[in-house]
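Participant: Got target_32.pdb for you, PDB, C-alpha atoms and all ligand atoms:
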ATOM      1  CA  MET A   1     -17.607 -17.593  -8.971
ATOM      2  CA  ILE A   2     -18.114 -13.873  -8.685
ATOM      3  CA  ASP A   3     -21.181 -12.556 -10.493
ATOM      4  CA  PRO A   4     -20.827  -8.795 -10.971
ATOM      5  CA  VAL A   5     -23.737  -6.466 -11.656
ATOM      6  CA  LEU A   6     -23.381  -4.952 -15.133
ATOM      7  CA  ALA A   7     -24.463  -1.435 -16.108
ATOM      8  CA  PRO A   8     -27.273  -1.602 -18.713
ATOM      9  CA  ASP A   9     -25.150  -0.174 -21.558
ATOM     10  CA  VAL A  10     -22.303  -2.588 -20.775
ATOM     11  CA  ALA A  11     -24.633  -5.590 -20.625
ATOM     12  CA  ALA A  12     -26.230  -4.619 -23.948
ATOM     13  CA  ALA A  13     -22.837  -4.178 -25.637
ATOM     14  CA  ILE A  14     -21.551  -7.548 -24.400
ATOM     15  CA  ARG A  15     -24.731  -9.296 -25.528
ATOM     16  CA  ALA A  16     -24.438  -7.744 -28.994
ATOM     17  CA  GLY A  17     -20.699  -8.491 -29.309
ATOM     18  CA  HIS A  18     -19.879  -4.798 -29.407
ATOM     19  CA  PRO A  19     -16.482  -3.594 -28.141
ATOM     20  CA  VAL A  20     -16.159  -2.909 -24.405
ATOM     21  CA  VAL A  21     -13.140  -1.643 -22.457
ATOM     22  CA  ALA A  22     -12.939  -2.286 -18.713
ATOM     23  CA  LEU A  23     -11.238   0.256 -16.456
ATOM     24  CA  GLU A  24     -10.050  -0.039 -12.846
ATOM     25  CA  SER A  25     -11.146   2.454 -10.191
ATOM     26  CA  THR A  26      -8.091   2.740  -7.912
ATOM     27  CA  ILE A  27      -6.505   5.189 -10.363
ATOM     28  CA  PHE A  28      -9.583   7.489 -10.147
ATOM     29  CA  SER A  29      -9.915   7.305  -6.350
ATOM     30  CA  HIS A  30      -7.864   9.264  -3.830
ATOM     31  CA  LEU A  31      -5.453   6.289  -3.802
ATOM     32  CA  GLY A  32      -4.391   6.902  -7.393
ATOM     33  CA  LEU A  33      -4.608  10.596  -8.278
ATOM     34  CA  PRO A  34      -5.165  13.850  -6.361
ATOM     35  CA  SER A  35      -8.405  15.811  -6.824
ATOM     36  CA  PRO A  36      -9.396  17.399  -9.235
ATOM     37  CA  ALA A  37      -7.023  15.572 -11.608
ATOM     38  CA  ASN A  38      -8.839  12.316 -10.865
ATOM     39  CA  ARG A  39     -12.101  13.725 -12.262
ATOM     40  CA  GLU A  40     -10.296  14.862 -15.401
ATOM     41  CA  ALA A  41      -8.679  11.425 -15.745
ATOM     42  CA  LEU A  42     -12.056   9.713 -15.519
ATOM     43  CA  SER A  43     -13.716  11.912 -18.117
ATOM     44  CA  ARG A  44     -10.750  11.750 -20.510
ATOM     45  CA  CYS A  45     -10.563   7.945 -20.280
ATOM     46  CA  LEU A  46     -14.312   7.497 -20.782
ATOM     47  CA  GLU A  47     -14.303   9.846 -23.747
ATOM     48  CA  ALA A  48     -11.242   8.218 -25.321
ATOM     49  CA  VAL A  49     -13.018   4.854 -25.266
ATOM     50  CA  GLU A  50     -16.347   6.206 -26.516
ATOM     51  CA  ARG A  51     -14.788   8.274 -29.309
ATOM     52  CA  ARG A  52     -13.333   5.089 -30.794
ATOM     53  CA  GLY A  53     -16.652   3.294 -30.765
ATOM     54  CA  ALA A  54     -16.332   1.192 -27.620
ATOM     55  CA  VAL A  55     -18.269   1.184 -24.338
ATOM     56  CA  PRO A  56     -16.278   1.967 -21.171
ATOM     57  CA  ALA A  57     -16.929  -0.151 -18.077
ATOM     58  CA  VAL A  58     -15.486   1.176 -14.810
ATOM     59  CA  THR A  59     -15.182  -1.592 -12.214
ATOM     60  CA  ALA A  60     -15.727  -1.041  -8.487
ATOM     61  CA  VAL A  61     -17.400  -2.438  -5.387
ATOM     62  CA  LEU A  62     -20.197  -0.093  -4.280
ATOM     63  CA  ASP A  63     -22.115  -0.887  -1.079
ATOM     64  CA  GLY A  64     -20.761  -4.413  -1.208
ATOM     65  CA  VAL A  65     -21.913  -5.000  -4.797
ATOM     66  CA  PRO A  66     -19.249  -5.868  -7.419
ATOM     67  CA  ARG A  67     -19.945  -3.655 -10.417
ATOM     68  CA  VAL A  68     -18.887  -3.559 -14.058
ATOM     69  CA  GLY A  69     -19.899  -0.152 -15.410
ATOM     70  CA  VAL A  70     -21.128   2.667 -13.189
ATOM     71  CA  SER A  71     -23.635   5.376 -14.040
ATOM     72  CA  GLU A  72     -22.749   9.048 -14.333
ATOM     73  CA  ASP A  73     -24.498   9.943 -11.086
ATOM     74  CA  GLU A  74     -22.184   7.473  -9.307
ATOM     75  CA  HIS A  75     -18.995   9.136 -10.557
ATOM     76  CA  ASP A  76     -18.598  11.224  -7.398
ATOM     77  CA  ARG A  77     -18.373   8.021  -5.384
ATOM     78  CA  ILE A  78     -15.604   6.629  -7.613
ATOM     79  CA  LEU A  79     -13.655   9.868  -7.163
ATOM     80  CA  GLY A  80     -13.805   9.763  -3.377
ATOM     81  CA  VAL A  81     -12.177   8.039  -0.452
ATOM     82  CA  ALA A  82     -11.754   4.342  -1.081
ATOM     83  CA  ARG A  83     -10.569   1.086   0.358
ATOM     84  CA  LYS A  84      -8.134  -0.607  -1.956
ATOM     85  CA  ALA A  85      -9.520  -3.881  -3.270
ATOM     86  CA  ALA A  86      -7.252  -6.359  -5.027
ATOM     87  CA  GLU A  87      -8.753  -9.563  -6.414
ATOM     88  CA  ARG A  88      -8.393 -11.414  -3.106
ATOM     89  CA  ASP A  89     -10.236  -8.623  -1.299
ATOM     90  CA  LEU A  90     -13.350  -8.800  -3.502
ATOM     91  CA  PRO A  91     -15.119 -11.488  -1.450
ATOM     92  CA  VAL A  92     -14.338  -9.581   1.741
ATOM     93  CA  ALA A  93     -15.603  -6.283   0.282
ATOM     94  CA  MET A  94     -18.832  -8.064  -0.642
ATOM     95  CA  ALA A  95     -19.254  -9.906   2.650
ATOM     96  CA  GLN A  96     -18.623  -6.735   4.648
ATOM     97  CA  GLY A  97     -20.571  -4.394   2.362
ATOM     98  CA  TRP A  98     -17.715  -1.962   1.666
ATOM     99  CA  GLU A  99     -19.066   1.450   0.662
ATOM    100  CA  PHE A 100     -16.434   1.922  -2.042
ATOM    101  CA  GLY A 101     -13.880  -0.749  -2.777
ATOM    102  CA  ALA A 102     -11.566   0.699  -5.430
ATOM    103  CA  THR A 103     -10.528  -2.092  -7.766
ATOM    104  CA  THR A 104      -6.852  -2.526  -8.537
ATOM    105  CA  VAL A 105      -5.701  -4.146 -11.779
ATOM    106  CA  SER A 106      -6.176  -7.655 -10.360
ATOM    107  CA  ALA A 107      -9.713  -7.009  -9.088
ATOM    108  CA  ALA A 108     -10.736  -5.181 -12.274
ATOM    109  CA  LEU A 109      -9.514  -8.108 -14.386
ATOM    110  CA  ALA A 110     -11.436 -10.587 -12.241
ATOM    111  CA  LEU A 111     -14.688  -8.608 -12.550
ATOM    112  CA  ALA A 112     -14.285  -7.816 -16.242
ATOM    113  CA  ALA A 113     -13.422 -11.410 -17.132
ATOM    114  CA  ALA A 114     -16.462 -12.650 -15.194
ATOM    115  CA  ALA A 115     -18.568 -10.231 -17.266
ATOM    116  CA  GLY A 116     -17.139 -11.576 -20.532
ATOM    117  CA  ILE A 117     -15.034  -8.530 -21.455
ATOM    118  CA  SER A 118     -11.725  -9.067 -23.313
ATOM    119  CA  VAL A 119      -9.903  -5.738 -22.984
ATOM    120  CA  PHE A 120      -8.832  -3.761 -19.930
ATOM    121  CA  ALA A 121      -6.954  -0.436 -19.717
ATOM    122  CA  THR A 122      -5.046   1.031 -16.798
ATOM    123  CA  GLY A 123      -2.194   3.484 -16.229
ATOM    124  CA  GLY A 124       0.620   1.367 -14.841
ATOM    125  CA  ILE A 125       0.529  -2.186 -13.552
ATOM    126  CA  GLY A 126       1.945  -3.376 -10.257
ATOM    127  CA  GLY A 127       4.966  -5.662 -10.431
ATOM    128  CA  VAL A 128       7.907  -7.108  -8.566
ATOM    129  CA  HIS A 129       9.181  -4.622  -5.988
ATOM    130  CA  ARG A 130      12.878  -3.733  -5.815
ATOM    131  CA  GLU A 131      13.220  -5.023  -2.257
ATOM    132  CA  VAL A 132      11.571  -8.326  -3.148
ATOM    133  CA  ALA A 133      14.350 -10.407  -1.573
ATOM    134  CA  ALA A 134      13.639  -8.821   1.809
ATOM    135  CA  THR A 135       9.886  -8.229   1.541
ATOM    136  CA  GLY A 136       8.587 -10.830  -0.926
ATOM    137  CA  ASP A 137       6.439  -8.045  -2.415
ATOM    138  CA  VAL A 138       5.121  -9.088  -5.822
ATOM    139  CA  SER A 139       1.899  -7.419  -6.950
ATOM    140  CA  ALA A 140      -1.117  -9.684  -7.405
ATOM    141  CA  ASP A 141      -1.594  -7.780 -10.676
ATOM    142  CA  LEU A 142       0.935 -10.075 -12.364
ATOM    143  CA  ASP A 143      -0.829 -13.321 -11.530
ATOM    144  CA  ALA A 144      -4.160 -11.779 -12.533
ATOM    145  CA  ILE A 145      -2.789 -10.568 -15.889
ATOM    146  CA  ALA A 146      -1.552 -14.096 -16.517
ATOM    147  CA  SER A 147      -4.646 -15.947 -15.390
ATOM    148  CA  HIS A 148      -7.616 -14.014 -16.806
ATOM    149  CA  PRO A 149      -8.487 -14.202 -20.525
ATOM    150  CA  MET A 150      -7.990 -10.500 -21.189
ATOM    151  CA  VAL A 151      -5.672  -8.066 -22.928
ATOM    152  CA  THR A 152      -4.293  -5.642 -20.324
ATOM    153  CA  VAL A 153      -3.214  -2.309 -21.810
ATOM    154  CA  CYS A 154      -0.740  -0.290 -19.703
ATOM    155  CA  ALA A 155       2.147   2.186 -19.930
ATOM    156  CA  GLY A 156       4.455  -0.407 -18.388
ATOM    157  CA  ALA A 157       5.110  -0.194 -14.671
ATOM    158  CA  LYS A 158       6.561   2.608 -12.578
ATOM    159  CA  ALA A 159      10.306   2.625 -12.173
ATOM    160  CA  PHE A 160      10.021   2.223  -8.396
ATOM    161  CA  LEU A 161       9.501  -1.455  -9.224
ATOM    162  CA  ASP A 162      12.122  -3.926 -10.371
ATOM    163  CA  LEU A 163      11.188  -3.862 -14.046
ATOM    164  CA  SER A 164      13.662  -6.522 -15.044
ATOM    165  CA  ARG A 165      12.263  -8.998 -12.502
ATOM    166  CA  THR A 166       8.745  -7.968 -13.514
ATOM    167  CA  LEU A 167       9.511  -8.985 -17.109
ATOM    168  CA  GLU A 168      11.027 -12.252 -15.889
ATOM    169  CA  TYR A 169       7.885 -13.012 -13.882
ATOM    170  CA  LEU A 170       5.712 -12.413 -16.935
ATOM    171  CA  GLU A 171       7.923 -14.735 -18.977
ATOM    172  CA  THR A 172       7.669 -17.508 -16.379
ATOM    173  CA  ALA A 173       3.909 -16.996 -16.152
ATOM    174  CA  GLY A 174       3.646 -17.397 -19.933
ATOM    175  CA  VAL A 175       2.264 -13.936 -20.653
ATOM    176  CA  PRO A 176       2.921 -12.625 -24.182
ATOM    177  CA  VAL A 177       4.251  -9.060 -23.664
ATOM    178  CA  LEU A 178       3.669  -6.839 -26.698
ATOM    179  CA  GLY A 179       5.112  -3.360 -27.306
ATOM    180  CA  TRP A 180       2.763  -0.943 -29.092
ATOM    181  CA  HIS A 181       4.781   0.593 -31.976
ATOM    182  CA  HIS A 182       7.762   0.374 -29.620
ATOM    183  CA  ASP A 183      10.700  -1.944 -28.848
ATOM    184  CA  ASP A 184      11.241  -1.053 -25.185
ATOM    185  CA  LEU A 185       9.268  -1.720 -22.041
ATOM    186  CA  PRO A 186       7.907   1.713 -21.088
ATOM    187  CA  ALA A 187       8.469   2.943 -17.526
ATOM    188  CA  PHE A 188       5.215   4.869 -17.073
ATOM    189  CA  TYR A 189       6.460   8.515 -17.007
ATOM    190  CA  THR A 190       9.140   7.708 -19.554
ATOM    191  CA  ARG A 191       8.894   5.916 -22.880
ATOM    192  CA  SER A 192      11.747   3.512 -22.273
ATOM    193  CA  SER A 193      13.020   1.561 -19.288
ATOM    194  CA  GLY A 194      16.105   0.437 -21.172
ATOM    195  CA  LEU A 195      14.665  -3.100 -21.279
ATOM    196  CA  ARG A 196      13.337  -4.646 -24.468
ATOM    197  CA  VAL A 197       9.865  -6.098 -24.789
ATOM    198  CA  PRO A 198       9.907  -9.558 -26.360
ATOM    199  CA  HIS A 199       7.635  -8.522 -29.257
ATOM    200  CA  ARG A 200       6.648  -5.333 -31.012
ATOM    201  CA  VAL A 201       3.219  -4.938 -32.636
ATOM    202  CA  GLU A 202       2.054  -2.340 -35.129
ATOM    203  CA  SER A 203      -1.734  -2.644 -35.115
ATOM    204  CA  ALA A 204      -4.803  -3.474 -33.069
ATOM    205  CA  GLY A 205      -5.551  -6.264 -35.543
ATOM    206  CA  GLU A 206      -2.247  -7.884 -34.660
ATOM    207  CA  VAL A 207      -3.085  -7.758 -30.943
ATOM    208  CA  ALA A 208      -6.486  -9.311 -31.642
ATOM    209  CA  ALA A 209      -4.795 -12.051 -33.670
ATOM    210  CA  VAL A 210      -2.346 -12.785 -30.820
ATOM    211  CA  LEU A 211      -5.252 -13.052 -28.397
ATOM    212  CA  ALA A 212      -7.083 -15.431 -30.727
ATOM    213  CA  ALA A 213      -4.015 -17.662 -31.159
ATOM    214  CA  ARG A 214      -3.088 -18.200 -27.489
ATOM    215  CA  THR A 215      -2.081 -21.745 -26.599
ATOM    216  CA  ARG A 216      -4.100 -21.404 -23.384
ATOM    217  CA  PRO A 217      -7.224 -19.391 -24.199
ATOM    218  CA  GLU A 218      -8.103 -18.965 -20.525
ATOM    219  CA  ARG A 219      -5.014 -16.801 -19.969
ATOM    220  CA  GLY A 220      -3.961 -13.212 -20.670
ATOM    221  CA  VAL A 221      -1.832 -10.923 -22.841
ATOM    222  CA  LEU A 222      -0.040  -7.703 -21.847
ATOM    223  CA  LEU A 223       0.156  -4.748 -24.249
ATOM    224  CA  THR A 224       2.551  -1.973 -23.226
ATOM    225  CA  VAL A 225       1.994   1.483 -24.695
ATOM    226  CA  PRO A 226       4.601   4.204 -24.141
ATOM    227  CA  ILE A 227       3.448   7.601 -22.873
ATOM    228  CA  PRO A 228       3.046  10.060 -25.825
ATOM    229  CA  ALA A 229       6.440  11.710 -26.509
ATOM    230  CA  ASP A 230       5.188  15.238 -25.733
ATOM    231  CA  ASP A 231       4.021  14.196 -22.267
ATOM    232  CA  GLU A 232       7.128  12.303 -21.174
ATOM    233  CA  ILE A 233       8.862  13.476 -17.963
ATOM    234  CA  ASP A 234      12.606  13.989 -17.708
ATOM    235  CA  PRO A 235      14.010  10.673 -16.347
ATOM    236  CA  THR A 236      16.414  12.331 -13.873
ATOM    237  CA  THR A 237      13.553  14.263 -12.228
ATOM    238  CA  ILE A 238      11.641  11.020 -11.813
ATOM    239  CA  ASP A 239      14.627   9.006 -10.600
ATOM    240  CA  SER A 240      15.400  11.329  -7.718
ATOM    241  CA  ALA A 241      11.707  11.526  -6.716
ATOM    242  CA  LEU A 242      11.539   7.712  -6.776
ATOM    243  CA  ALA A 243      14.662   7.285  -4.680
ATOM    244  CA  GLU A 244      13.308   9.661  -2.034
ATOM    245  CA  ALA A 245       9.870   8.042  -2.012
ATOM    246  CA  LEU A 246      11.348   4.565  -1.538
ATOM    247  CA  ALA A 247      13.677   5.732   1.245
ATOM    248  CA  ASP A 248      10.710   7.352   3.035
ATOM    249  CA  ALA A 249       8.597   4.210   2.661
ATOM    250  CA  ALA A 250      11.381   2.098   4.194
ATOM    251  CA  ALA A 251      12.033   4.598   6.999
ATOM    252  CA  GLU A 252       8.352   4.765   7.905
ATOM    253  CA  GLY A 253       7.981   0.977   7.836
ATOM    254  CA  ILE A 254       5.270   1.039   5.132
ATOM    255  CA  ARG A 255       4.347  -2.535   4.158
ATOM    256  CA  GLY A 256       2.057  -4.581   1.958
ATOM    257  CA  ALA A 257      -0.835  -2.977   0.104
ATOM    258  CA  ALA A 258       0.024   0.443   1.556
ATOM    259  CA  VAL A 259       3.362   0.624  -0.297
ATOM    260  CA  THR A 260       2.107   1.550  -3.770
ATOM    261  CA  PRO A 261      -0.328   4.348  -2.730
ATOM    262  CA  PHE A 262       2.335   5.759  -0.384
ATOM    263  CA  VAL A 263       5.020   5.852  -3.082
ATOM    264  CA  LEU A 264       2.596   7.307  -5.670
ATOM    265  CA  ALA A 265       1.622  10.154  -3.320
ATOM    266  CA  ARG A 266       5.284  10.920  -2.546
ATOM    267  CA  ILE A 267       6.236  11.007  -6.223
ATOM    268  CA  SER A 268       3.437  13.408  -7.044
ATOM    269  CA  ALA A 269       4.466  15.656  -4.106
ATOM    270  CA  ALA A 270       8.184  15.474  -4.989
ATOM    271  CA  THR A 271       7.601  16.452  -8.609
ATOM    272  CA  GLY A 272       5.448  19.398  -7.465
ATOM    273  CA  GLY A 273       2.476  17.930  -9.313
ATOM    274  CA  ASP A 274       4.418  17.681 -12.604
ATOM    275  CA  SER A 275       3.757  13.975 -12.665
ATOM    276  CA  VAL A 276      -0.012  14.470 -12.785
ATOM    277  CA  PRO A 277      -0.490  15.754 -16.387
ATOM    278  CA  ALA A 278       1.789  12.956 -17.582
ATOM    279  CA  ASN A 279      -0.316  10.444 -15.680
ATOM    280  CA  LEU A 280      -3.523  11.787 -17.267
ATOM    281  CA  ALA A 281      -2.045  11.743 -20.760
ATOM    282  CA  LEU A 282      -0.856   8.154 -20.546
ATOM    283  CA  ALA A 283      -4.102   6.902 -18.985
ATOM    284  CA  GLU A 284      -6.128   8.524 -21.766
ATOM    285  CA  ASN A 285      -3.776   7.176 -24.421
ATOM    286  CA  ASN A 286      -3.995   3.646 -22.999
ATOM    287  CA  ALA A 287      -7.797   3.836 -22.966
ATOM    288  CA  ALA A 288      -7.746   4.920 -26.626
ATOM    289  CA  VAL A 289      -5.444   2.066 -27.674
ATOM    290  CA  ALA A 290      -7.517  -0.401 -25.646
ATOM    291  CA  ALA A 291     -10.644   0.757 -27.484
ATOM    292  CA  GLU A 292      -8.929   0.173 -30.832
ATOM    293  CA  VAL A 293      -8.021  -3.325 -29.712
ATOM    294  CA  ALA A 294     -11.568  -4.009 -28.497
ATOM    295  CA  VAL A 295     -12.950  -2.826 -31.853
ATOM    296  CA  ALA A 296     -10.498  -5.088 -33.714
ATOM    297  CA  ILE A 297     -11.457  -8.084 -31.541
ATOM    298  CA  SER A 298     -15.171  -7.612 -32.058
ATOM    299  CA  SER A 299     -14.864  -7.104 -35.815
ATOM    300  CA  ALA A 300     -12.667 -10.223 -36.120
ATOM    301  CA  VAL A 301     -15.396 -12.280 -34.441
ATOM    302  CA  ARG A 302     -18.140 -11.070 -36.778
TER     303      ARG A 302
HETATM  304  N1  LIG A 401       0.628   1.876 -10.529
HETATM  305  C1  LIG A 401       0.382   3.157 -10.833
HETATM  306  N2  LIG A 401      -0.755   3.770 -10.389
HETATM  307  C2  LIG A 401      -1.667   3.082  -9.637
HETATM  308  C3  LIG A 401      -1.407   1.713  -9.331
HETATM  309  C4  LIG A 401      -0.257   1.162  -9.789
HETATM  310  O1  LIG A 401       1.180   3.750 -11.523
HETATM  311  O2  LIG A 401      -2.693   3.673  -9.225
HETATM  312  C5  LIG A 401      -2.427   0.918  -8.550
HETATM  313  C6  LIG A 401      -3.184  -0.008  -9.509
HETATM  314  O3  LIG A 401      -4.535  -0.078  -9.125
HETATM  315  C7  LIG A 401      -2.493  -1.345  -9.298
HETATM  316  C8  LIG A 401      -2.166  -1.274  -7.835
HETATM  317  O4  LIG A 401      -3.294  -2.462  -9.619
HETATM  318  O5  LIG A 401      -1.769   0.064  -7.618
HETATM  319  C9  LIG A 401      -1.082  -2.240  -7.445
HETATM  320  O6  LIG A 401      -0.943  -2.263  -6.059
HETATM  321  P1  LIG A 401       0.075  -3.302  -5.374
HETATM  322  O7  LIG A 401       1.437  -2.836  -5.797
HETATM  323  O8  LIG A 401      -0.186  -3.159  -3.911
HETATM  324  O9  LIG A 401      -0.261  -4.656  -5.921
HETATM  325 MN    MN A 402       2.317  -5.479  -2.875
END
For the file at hand, write its structure as structure tokens.
Facilitator:
Amino acid sequence: MIDPVLAPDVAAAIRAGHPVVALESTIFSHLGLPSPANREALSRCLEAVERRGAVPAVTAVLDGVPRVGVSEDEHDRILGVARKAAERDLPVAMAQGWEFGATTVSAALALAAAAGISVFATGGIGGVHREVAATGDVSADLDAIASHPMVTVCAGAKAFLDLSRTLEYLETAGVPVLGWHHDDLPAFYTRSSGLRVPHRVESAGEVAAVLAARTRPERGVLLTVPIPADDEIDPTTIDSALAEALADAAAEGIRGAAVTPFVLARISAATGGDSVPANLALAENNAAVAAEVAVAISSAVR
């Protein structure tokens, strides 16, 4: 079992039953967002959580140590060059003493669950890739969302994935998928993918009640939160950027863990950086909703 090192404020909050929201670090590293937007994303997410009365806990591997919560003087490290660490990479990052292993959704969930945290916020989750029949590429995020006892809060998944198959996977894996004040599965930059979520919820209390009533309490719940309407990007702009990015990835023979960072970088270049403010807005919004959920969970337990 992995035994992460907790930041003092995170450890104190968990001990006292106070609300905590875990965050991943891939999104804040060079793999997720360009500089200086990544710094802005980090401070906006931390503040969104704190403002709602919860303690943020950024996950990462630093000098081979799995961490839940990093101090302010370590922020520059989180914003720098990283090696991508999914859940399966955590033991390797520890054994080899990686300087900065940026946690993906799966790794963040593993660390946060081991720490006893119930709520996790990210931007977009990984999912089933469109070329899955040829490549077999299904993000480890999905299995981790299903198999850790956490609520994952996201703005859906990017439309370069096969969103319909992603929903099917989550159904098979037994993950309750909840839409926050919304009937459709969001597609990250846009509020609707055209696919319905199985259930809509209207409050953080409802999410907490779903979590408490799971048939298998060791497993997870997915809450999808659409990007705020004012920050949404025009779907046709995104679609053409996505098509180009995917064609480039195929032409350059990009495979495995390199696919997602490659496509993300191409989308941000193809939209001339227009995608970045949208990305910041949805990440901040997800962190805020996650904090509300964490507050509802901890007050239900009292
Ligand atoms: N989707 C995004 N932005 C991201 C990621 C996904 O919109 O930064 C990152 C997350 O850390 C996610 C990971 O967990 O990519 C998934 O990678 P893969 O598709 O290789 O499983
Ligand atoms: Mn993959």
Participant: Given the file above and the PyMOL selection byres (((not hetatm)) within 7 of (chain A and resi 401)), which residues are selected, and can you give them as a list in words?
Facilitator: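 So the PyMOL selection byres (((not hetatm)) within 7 of (chain A and resi 401)) ends up selecting Glu24, Thr26, Ile27, Leu31, Gly32, Thr103, Thr104, Val105, Ser106, Gly123, Gly124, Ile125, Gly126, Gly127, Val138, Ser139, Ala140, Asp141, Ala157, Lys158, Phe188, Gly256, Ala257, Ala258, Val259, Thr260, Pro261 and Leu264 of chain A.
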Participant: Can those selected residues be exported to a file as a CSV table (one decimal), keeping the file's coordinate frame so that it contains C-alpha atoms?
Facilitator:
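The result, written out as result.csv:
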chain,number,residue,atom,x,y,z
A,24,GLU,CA,-10.0,0.0,-12.8
A,26,THR,CA,-8.1,2.7,-7.9
A,27,ILE,CA,-6.5,5.2,-10.4
A,31,LEU,CA,-5.5,6.3,-3.8
A,32,GLY,CA,-4.4,6.9,-7.4
A,103,THR,CA,-10.5,-2.1,-7.8
A,104,THR,CA,-6.9,-2.5,-8.5
A,105,VAL,CA,-5.7,-4.1,-11.8
A,106,SER,CA,-6.2,-7.7,-10.4
A,123,GLY,CA,-2.2,3.5,-16.2
A,124,GLY,CA,0.6,1.4,-14.8
A,125,ILE,CA,0.5,-2.2,-13.6
A,126,GLY,CA,1.9,-3.4,-10.3
A,127,GLY,CA,5.0,-5.7,-10.4
A,138,VAL,CA,5.1,-9.1,-5.8
A,139,SER,CA,1.9,-7.4,-7.0
A,140,ALA,CA,-1.1,-9.7,-7.4
A,141,ASP,CA,-1.6,-7.8,-10.7
A,157,ALA,CA,5.1,-0.2,-14.7
A,158,LYS,CA,6.6,2.6,-12.6
A,188,PHE,CA,5.2,4.9,-17.1
A,256,GLY,CA,2.1,-4.6,2.0
A,257,ALA,CA,-0.8,-3.0,0.1
A,258,ALA,CA,0.0,0.4,1.6
A,259,VAL,CA,3.4,0.6,-0.3
A,260,THR,CA,2.1,1.6,-3.8
A,261,PRO,CA,-0.3,4.3,-2.7
A,264,LEU,CA,2.6,7.3,-5.7
Participant: Find the residue from A:Glu284, A:Arg216, A:Met1, A:Ser192 that sits nearest to Val153 of chain A; use all atoms listed in the file when measuring.
Facilitator: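 Closest to Val153 of chain A, using all atoms listed in the file: A:Glu284.
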Participant: Given the point (8.3, -13.4, -14.6) in the coordinates of this file, which residues lie within 12 Å, counting only C-alpha atoms, and how would they look as a list in words?
Facilitator: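 Counting only C-alpha atoms, I find these residues within 12 Å of (8.3, -13.4, -14.6): Gly127, Val128, Val138, Ser139, Leu142, Asp143, Ile145, Ala146, Asp162, Leu163, Ser164, Arg165, Thr166, Leu167, Glu168, Tyr169, Leu170, Glu171, Thr172, Ala173, Gly174, Val175, Pro176 and Val177 of chain A.
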Participant: Evaluate the PyMOL selection byres (((chain A and resi 242) around 9) and not hetatm) against this structure - the residues, as a ChimeraX atom specification, please.
Facilitator: /A:159-160,237-241,243-247,263,266-267,270
Participant: Write out as a list in words the residues lying within 9 Å of Pro34 of chain A, counting all atoms listed in the file and excluding same-chain residues fewer than 4 positions away.
Facilitator: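 So the residues in contact are Phe28, Ser29, His30, Asn38, Ala265, Ser268 and Val276 of chain A.
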Participant: Could you tell me which of A:Ala13, A:Val5, A:Ala229, A:Leu79 comes closest to Glu40 of chain A if we count all atoms listed in the file?
Facilitator: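 Looking at the shortest contact to Glu40 of chain A, the residue is A:Leu79.
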Participant: List the residues matched by the PyMOL selection byres (((chain A and resi 296) around 10) and not hetatm) in the displayed structure as a list in words, ordered by chain and then by residue number.
Facilitator: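 With the PyMOL selection byres (((chain A and resi 296) around 10) and not hetatm) on this model, the match is Pro19, Ser203, Ala204, Gly205, Glu206, Val207, Ala208, Ala209, Ala290, Ala291, Glu292, Val293, Ala294, Val295, Ile297, Ser298, Ser299, Ala300 and Val301 of chain A.
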Participant: Under the rule that only C-alpha atoms and all ligand atoms are counted, which of A:Ala115, A:Met150, A:Ala86, A:Val10 is the nearest residue to ligand MN 402 (chain A)?
Facilitator: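 Closest candidate: A:Ala86.
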Participant: Give me, please, the distance in Å between atom CA of Glu99 of chain A and atom CA of Ala287 of chain A, quoted to one decimal.
Facilitator: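 Separation of atom CA of Glu99 of chain A and atom CA of Ala287 of chain A: 26.3 Å.
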Participant: Go through A:Arg214, A:Arg255, A:Arg52, A:His148 one by one, measure the shortest atom-to-atom distance of each to ligand MN 402 (chain A) using only C-alpha atoms and all ligand atoms, and give the residue with the smallest value.
Facilitator: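 Once distances to ligand MN 402 (chain A) are computed over only C-alpha atoms and all ligand atoms, the minimum belongs to A:Arg255.
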Participant: Considering only C-alpha atoms and all ligand atoms, state which residue in the set A:Leu161, A:Ala95, A:Leu23, A:Ala41 is at the smallest distance from ligand MN 402 (chain A).
Facilitator: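 Comparing A:Leu161, A:Ala95, A:Leu23, A:Ala41 against ligand MN 402 (chain A), the winner is A:Leu161.
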Participant: When you count all atoms listed in the file, which of these residues is closest to ligand MN 402 (chain A): A:Ala155, A:Val132, A:Leu6, A:Ala144?
Facilitator: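 Distance minimum relative to ligand MN 402 (chain A) lands on A:Val132.
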Participant: What does the distance between atom CA of Ala16 of chain A and atom CA of Ala48 of chain A come to in Å, to one decimal place?
Facilitator: 21.0 Å
Participant: Any idea what's packed within 7 Å of Gly179 of chain A, counting all atoms listed in the file, ignoring anything in its chain fewer than 6 positions away? Could you give it as a PyMOL selection string?
Facilitator: chain A and resi 185+197+199-201+223-225
Participant: Residues as selected, C-alpha atoms, written as a PDB file, in the coordinates of the input, can you do that?
Facilitator:
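After the write, selection15.pdb holds the following:
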ATOM      1  CA  LEU A 185       9.268  -1.720 -22.041  1.00  0.00           C
ATOM      2  CA  VAL A 197       9.865  -6.098 -24.789  1.00  0.00           C
ATOM      3  CA  HIS A 199       7.635  -8.522 -29.257  1.00  0.00           C
ATOM      4  CA  ARG A 200       6.648  -5.333 -31.012  1.00  0.00           C
ATOM      5  CA  VAL A 201       3.219  -4.938 -32.636  1.00  0.00           C
ATOM      6  CA  LEU A 223       0.156  -4.748 -24.249  1.00  0.00           C
ATOM      7  CA  THR A 224       2.551  -1.973 -23.226  1.00  0.00           C
ATOM      8  CA  VAL A 225       1.994   1.483 -24.695  1.00  0.00           C
TER       9      VAL A 225
END
Participant: Hey, can you check how far atom CA of His129 of chain A sits from atom MN of ligand MN 402 (chain A)?
Facilitator: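 Separation of atom CA of His129 of chain A and atom MN of ligand MN 402 (chain A): 7.6 Å.
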